[in-house]
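First comes the structure, then the notes that go with it.
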Amino acid sequence: MNRSMEAHAFLAKKGFKVKSYGTGEKVKLPGASADRPNCYEFGVPYDDIYNDLLEKDKAYYTQNGLLHMLDRNRRIKPCPEKFQVSTERFDVIITCEERVYDQVIEWFGSKRSVYNQPVHVVNVDIQDNHEEATIGAFLISDMVTKMAQSDDLDNDIDELLHEFESKCHRPILNCIMFY
């Protein structure tokens, strides 16, 4: 929620049409202990999640940055959404963690292509903390800007991603799937 929403906000400010999604069974946020996360259904408004954590322990969730993150998120969109139930089609899907990349690829692999429309699925690994989320948003913005400048992304993407990988010193995963 932190990494993708930070990139979402940054890309939207730059004028890109962007959506962000989760891929898990539920929205999981850190709890008071590692074995007791706060879990919410997709579709629960960020306002409700924010208020729930505020009631549980305002000082703790302020100190660990969750309330700040949720405040940012609720200014971007009303609630967390699940990728696997979206009916939208995209030209490019960017994930911020290999596990999520794998879930997206698995979802496409479980579906029959109806439109024969390609989608580039790209992963940029970003650690799940505020500082790395901010750095990752800048990196993803640079990458998306280069993609948008391409006259033929299908032909240019491998070279673009190779150059980007060299520049940012992070491994990039990518593949093409079909809607």
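Ordering of the structure tokens sets the chain letters (A, B, ...), residue numbers begin anew at 1 in every chain, and ligands are numbered from 1 in the order given.
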
Wanna dump the stretch 5-49 of chain A-stretch 71-76 of chain A contacts at 8 Å for me, each residue with its shortest atom pair and the distance in Å to one decimal, counting only C-alpha atoms, ordered by chain and number, as a Markdown table?
```
| residue | atom | partner | partner_atom | distance |
| --- | --- | --- | --- | --- |
| A:Met5 | CA | A:Asn73 | CA | 6.6 |
| A:Ala9 | CA | A:Ile76 | CA | 6.7 |
| A:Pro45 | CA | A:Arg74 | CA | 7.9 |
| A:Tyr46 | CA | A:Arg74 | CA | 5.3 |
| A:Asp47 | CA | A:Arg74 | CA | 6.6 |
```

Mind writing the picked residues with all heavy atoms as a compact mmCIF listing (two decimals), in the first residue's frame?
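Below is the file that was written, selection_30.txt:
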```txt
# COMPACT_ATOMS: atom_id res chain seq x y z
N MET A 5 1.12 3.30 -3.70
CA MET A 5 0.37 4.56 -3.57
C MET A 5 1.29 5.77 -3.66
O MET A 5 0.88 6.82 -4.16
CB MET A 5 -0.44 4.57 -2.27
CG MET A 5 -1.61 3.61 -2.29
SD MET A 5 -2.86 4.04 -3.53
CE MET A 5 -3.58 5.49 -2.77
N ALA A 9 0.59 8.52 -6.53
CA ALA A 9 0.48 9.96 -6.28
C ALA A 9 1.47 10.75 -7.16
O ALA A 9 1.11 11.76 -7.76
CB ALA A 9 0.72 10.27 -4.80
N PRO A 45 -13.28 1.85 3.06
CA PRO A 45 -12.72 3.19 2.83
C PRO A 45 -11.49 3.47 3.70
O PRO A 45 -11.41 3.05 4.85
CB PRO A 45 -13.87 4.13 3.20
CG PRO A 45 -15.11 3.31 3.02
CD PRO A 45 -14.70 1.91 3.43
N TYR A 46 -10.54 4.21 3.09
CA TYR A 46 -9.36 4.61 3.85
C TYR A 46 -9.75 5.40 5.09
O TYR A 46 -9.09 5.29 6.12
CB TYR A 46 -8.41 5.45 2.97
CG TYR A 46 -7.61 4.63 2.00
CD1 TYR A 46 -7.74 4.83 0.63
CD2 TYR A 46 -6.72 3.65 2.43
CE1 TYR A 46 -7.00 4.09 -0.28
CE2 TYR A 46 -5.99 2.90 1.54
CZ TYR A 46 -6.13 3.12 0.18
OH TYR A 46 -5.40 2.38 -0.70
N ASP A 47 -10.82 6.18 5.01
CA ASP A 47 -11.29 6.93 6.19
C ASP A 47 -11.61 5.97 7.34
O ASP A 47 -11.26 6.24 8.50
CB ASP A 47 -12.54 7.75 5.87
CG ASP A 47 -12.24 9.01 5.08
OD1 ASP A 47 -11.08 9.46 5.09
OD2 ASP A 47 -13.18 9.54 4.45
```

ask   = Which of stretch 73-122 of chain A counts as strand (DSSP E) under DSSP, as an MDAnalysis selection string please?
value = chainID A and resid 92:95 118:122

ask   = Which residues come within 10 Å of A:Phe164, counting only C-alpha atoms, excluding same-chain residues fewer than 5 positions away, as a VMD selection string?
value = chain A and resid 139 to 140 142 to 143 146 158 to 159 169 to 172

Those same residues - all heavy atoms - I'd like them written as a CSV table (one decimal), in the first residue's frame.
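File written: again-v7.csv
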```
chain,number,residue,atom,x,y,z
A,139,LEU,N,12.0,6.8,-9.3
A,139,LEU,CA,12.5,5.9,-10.3
A,139,LEU,C,11.4,5.4,-11.2
A,139,LEU,O,11.6,5.4,-12.4
A,139,LEU,CB,13.1,4.6,-9.6
A,139,LEU,CG,14.4,4.9,-8.8
A,139,LEU,CD1,14.8,3.7,-8.0
A,139,LEU,CD2,15.6,5.3,-9.7
A,140,ILE,N,10.3,5.0,-10.7
A,140,ILE,CA,9.2,4.6,-11.5
A,140,ILE,C,8.7,5.7,-12.4
A,140,ILE,O,8.4,5.5,-13.6
A,140,ILE,CB,8.0,4.0,-10.7
A,140,ILE,CG1,8.5,2.7,-10.0
A,140,ILE,CG2,6.7,3.8,-11.5
A,140,ILE,CD1,7.5,2.1,-9.0
A,142,ASP,N,10.6,8.1,-13.7
A,142,ASP,CA,11.6,8.2,-14.7
A,142,ASP,C,11.3,7.1,-15.8
A,142,ASP,O,11.4,7.4,-17.0
A,142,ASP,CB,13.0,8.1,-14.2
A,142,ASP,CG,13.5,9.3,-13.5
A,142,ASP,OD1,12.8,10.4,-13.5
A,142,ASP,OD2,14.5,9.2,-12.8
A,143,MET,N,11.1,5.9,-15.3
A,143,MET,CA,10.9,4.8,-16.2
A,143,MET,C,9.6,5.0,-17.1
A,143,MET,O,9.6,4.8,-18.3
A,143,MET,CB,10.8,3.5,-15.4
A,143,MET,CG,10.6,2.2,-16.2
A,143,MET,SD,10.5,0.7,-15.2
A,143,MET,CE,9.0,1.0,-14.4
A,146,LYS,N,10.1,7.6,-19.8
A,146,LYS,CA,10.8,7.0,-20.9
A,146,LYS,C,9.9,6.2,-21.8
A,146,LYS,O,9.9,6.2,-23.0
A,146,LYS,CB,12.0,6.3,-20.5
A,146,LYS,CG,13.1,7.2,-20.0
A,146,LYS,CD,14.4,6.5,-19.7
A,146,LYS,CE,15.5,7.3,-19.1
A,146,LYS,NZ,15.4,8.7,-19.2
A,158,ASP,N,12.5,-3.6,-24.0
A,158,ASP,CA,13.6,-4.3,-23.5
A,158,ASP,C,14.9,-3.4,-23.4
A,158,ASP,O,15.5,-3.5,-22.3
A,158,ASP,CB,14.0,-5.5,-24.4
A,158,ASP,CG,13.0,-6.7,-24.3
A,158,ASP,OD1,12.3,-6.8,-23.2
A,158,ASP,OD2,12.9,-7.5,-25.2
A,159,GLU,N,15.1,-2.6,-24.4
A,159,GLU,CA,16.2,-1.7,-24.3
A,159,GLU,C,16.0,-0.6,-23.2
A,159,GLU,O,16.9,-0.3,-22.4
A,159,GLU,CB,16.5,-1.0,-25.6
A,159,GLU,CG,17.7,-0.1,-25.7
A,159,GLU,CD,18.0,0.5,-27.0
A,159,GLU,OE1,17.5,-0.1,-28.0
A,159,GLU,OE2,18.6,1.5,-27.1
A,169,HIS,N,20.4,0.5,-10.7
A,169,HIS,CA,21.0,-0.5,-10.0
A,169,HIS,C,20.1,-1.4,-9.2
A,169,HIS,O,20.4,-1.8,-8.0
A,169,HIS,CB,22.1,0.0,-9.0
A,169,HIS,CG,23.1,0.9,-9.7
A,169,HIS,ND1,24.0,0.5,-10.7
A,169,HIS,CD2,23.2,2.3,-9.7
A,169,HIS,CE1,24.7,1.5,-11.1
A,169,HIS,NE2,24.2,2.6,-10.5
A,170,ARG,N,18.9,-1.7,-9.8
A,170,ARG,CA,17.9,-2.6,-9.2
A,170,ARG,C,17.5,-3.6,-10.3
A,170,ARG,O,17.4,-3.2,-11.4
A,170,ARG,CB,16.7,-1.9,-8.8
A,170,ARG,CG,16.9,-0.9,-7.6
A,170,ARG,CD,15.7,-0.1,-7.4
A,170,ARG,NE,16.0,1.0,-6.4
A,170,ARG,CZ,15.5,1.1,-5.2
A,170,ARG,NH1,14.6,0.2,-4.8
A,170,ARG,NH2,15.8,2.1,-4.4
A,171,PRO,N,17.4,-4.9,-9.9
A,171,PRO,CA,16.9,-5.8,-10.9
A,171,PRO,C,15.5,-5.5,-11.4
A,171,PRO,O,14.6,-5.2,-10.6
A,171,PRO,CB,17.0,-7.2,-10.2
A,171,PRO,CG,17.0,-6.8,-8.7
A,171,PRO,CD,17.5,-5.5,-8.6
A,172,ILE,N,15.3,-5.6,-12.7
A,172,ILE,CA,13.9,-5.4,-13.2
A,172,ILE,C,13.5,-6.7,-13.9
A,172,ILE,O,14.2,-7.3,-14.6
A,172,ILE,CB,14.0,-4.3,-14.3
A,172,ILE,CG1,14.7,-3.0,-13.8
A,172,ILE,CG2,12.6,-4.0,-15.0
A,172,ILE,CD1,13.9,-2.3,-12.8
```

request  = Name the residues in contact with stretch 154-157 of chain A at a cut-off of 12 Å, using only C-alpha atoms, excluding same-chain residues fewer than 4 positions from it; report them as a PyMOL selection string.
outcome  = chain A and resi 91-92+117-122+143-144+146-150+161-165+172-177

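In this model, the gap between atom CA of A:Glu132 and atom CA of A:Ser166 comes to 18.1 Å.
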
task = For atom CA of A:Lys26 and atom CA of A:Ile126, quote the distance in Å rounded to one decimal.
result = 20.6 Å

query = For A:Asp125, which residue among A:Leu160, A:Leu67, A:Ala34, A:Cys168 is the nearest when counting only C-alpha atoms?
reply =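 With only C-alpha atoms as the atom set, the closest residue is A:Cys168.
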
message = For a quick check of understanding, using only C-alpha atoms, which of A:Phe42, A:Tyr61, A:His130, A:Asp52 has the smallest distance to A:Pro30?
response = A:Tyr61
